[in-house]
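**Q** The structure that follows is given in the form of structure tokens.
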Amino acid sequence: MIIEKEIIVNKNIDNAWQVLGTEFANAHVWASPLSHSTGSGSKFNGSECNERSCDIKGMGKTKERLLQFSNDNHSLSYVVEQGMPSMVTYATNSWSLISLDQDKTKLVMKMEITLGGIMGFMMQPMMKMMMSKMGNTLLSDYKYYVENGRPSEAKLKALKK
């Protein structure tokens, strides 16, 4: 299952990359589905860490490991190594930024999720819907944070819960 999303952010690519790449370990600051995130491991191709642990509301704890990170190309990808439902046999997420002009950047996100077993087959439509919704939320939260320098209303509401 592949889920692709994109959004236009009204900031330059350097500001957008600061939040996405440089502050990779701190996604919980802007992403409303995350109650906490922290980086660990060693430096990786310019990133301060090569792993991130996340507490995701409704899912629990996940552990992600960078597969690719490029300051020059403003892109990163990671594999979710722990914390996905047992029917998920493999999950990756790739994020890339494309400069459209001086103060406009396109963010492209691509989730690839492989489901296994009869349960995976039966749950695929629901998983796709849930992950698509989460992708929309993440992109909206990211856009708001990069453009305004503070968390979105959705993130602030999530913090209160």
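Going by the structure tokens order, chains are called A, B, ..., each with residues numbered from 1, while ligands are numbered from 1 in the order shown.
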Identify, on the basis of only C-alpha atoms, every residue whose closest approach to range 91-95 of chain A does not exceed 12 Å; exclude the query and any residue fewer than 5 positions from it along the same chain; express the result as a PyMOL selection string.
**A** chain A and resi 1-7+16-17+19-21+24+62-70+73-86+106-116+131+135+138-139+142
**Q** Check the smallest atom-to-atom distance from each of A:Lys143, A:Lys104, A:Arg52, A:Lys61 to Asp14 in chain A using only C-alpha atoms, then report the winner.
**A**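 Residue with the minimum atom-to-atom distance to Asp14 in chain A: A:Lys104.
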**Q** For Tyr144 in chain A, which residue out of A:Leu156, A:Asp55, A:Phe121, A:Leu100 is the nearest one, using only C-alpha atoms?
**A** A:Leu156
**Q** Which residue gives the smallest distance to Met130 in chain A among A:Asn12, A:Met59, A:Lys161, A:Ser96, with only C-alpha atoms counted?
**A** A:Met59
**Q** Any idea what the distance is between CA of Leu97 in chain A and CA of Gly58 in chain A?
**A**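 Separation of CA of Leu97 in chain A and CA of Gly58 in chain A: 28.3 Å.
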**Q** Where in chain A does DSSP assign helix (DSSP H, G or I), given as an NGL selection string?
**A** :A and (13-22 or 24-29 or 117-148 or 153-160)
**Q** Could you state the separation of CA of Gly41 in chain A and CA of Ile13 in chain A in Å, given to one decimal place?
**A**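 Distance reported for this atom pair: 26.5 Å.
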**Q** Just checking: using only C-alpha atoms, which residue out of A:Ile8, A:Ala27, A:Cys54, A:Met134 ends up closest to Pro151 in chain A?
**A** A:Ala27
**Q** Could you please determine the separation between CA of Val146 in chain A and CA of Lys11 in chain A in Å, to one decimal place?
**A** 7.1 Å
**Q** If you run DSSP on the backbone here, which positions in range 8-65 of chain A get strand (DSSP E or B)? Please write them as a PyMOL selection string.
**A** chain A and resi 8-9+34-40+44+47+51-56+60-65
**Q** Those selected residues, please, written with C-alpha atoms and delivered as a PDB file, in the first residue's frame.
**A**
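Written file, again-v8.pdb:
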```
ATOM      1  CA  ILE A   8       2.789  23.812  -0.457  1.00  0.00           C
ATOM      2  CA  VAL A   9       4.513  25.640   2.380  1.00  0.00           C
ATOM      3  CA  LEU A  34       2.853  12.579  18.466  1.00  0.00           C
ATOM      4  CA  SER A  35       2.873  13.175  22.200  1.00  0.00           C
ATOM      5  CA  HIS A  36       6.659  12.765  22.369  1.00  0.00           C
ATOM      6  CA  SER A  37       9.665  12.026  20.173  1.00  0.00           C
ATOM      7  CA  THR A  38      13.338  11.700  20.879  1.00  0.00           C
ATOM      8  CA  GLY A  39      16.445  11.014  18.837  1.00  0.00           C
ATOM      9  CA  SER A  40      19.074   8.383  19.527  1.00  0.00           C
ATOM     10  CA  PHE A  44      23.941   9.892   9.959  1.00  0.00           C
ATOM     11  CA  SER A  47      21.664  14.254  10.833  1.00  0.00           C
ATOM     12  CA  GLU A  51      16.965   6.791  15.092  1.00  0.00           C
ATOM     13  CA  ARG A  52      13.831   8.355  16.496  1.00  0.00           C
ATOM     14  CA  SER A  53      11.382   6.993  19.046  1.00  0.00           C
ATOM     15  CA  CYS A  54       7.834   8.367  18.944  1.00  0.00           C
ATOM     16  CA  ASP A  55       4.828   8.099  21.211  1.00  0.00           C
ATOM     17  CA  ILE A  56       1.858   8.148  18.837  1.00  0.00           C
ATOM     18  CA  GLY A  60       1.749   3.535  21.194  1.00  0.00           C
ATOM     19  CA  LYS A  61       5.522   3.720  20.843  1.00  0.00           C
ATOM     20  CA  THR A  62       7.357   3.354  17.557  1.00  0.00           C
ATOM     21  CA  LYS A  63      11.027   3.231  16.708  1.00  0.00           C
ATOM     22  CA  GLU A  64      12.203   4.610  13.356  1.00  0.00           C
ATOM     23  CA  ARG A  65      15.623   4.296  11.727  1.00  0.00           C
TER      24      ARG A  65
END
```
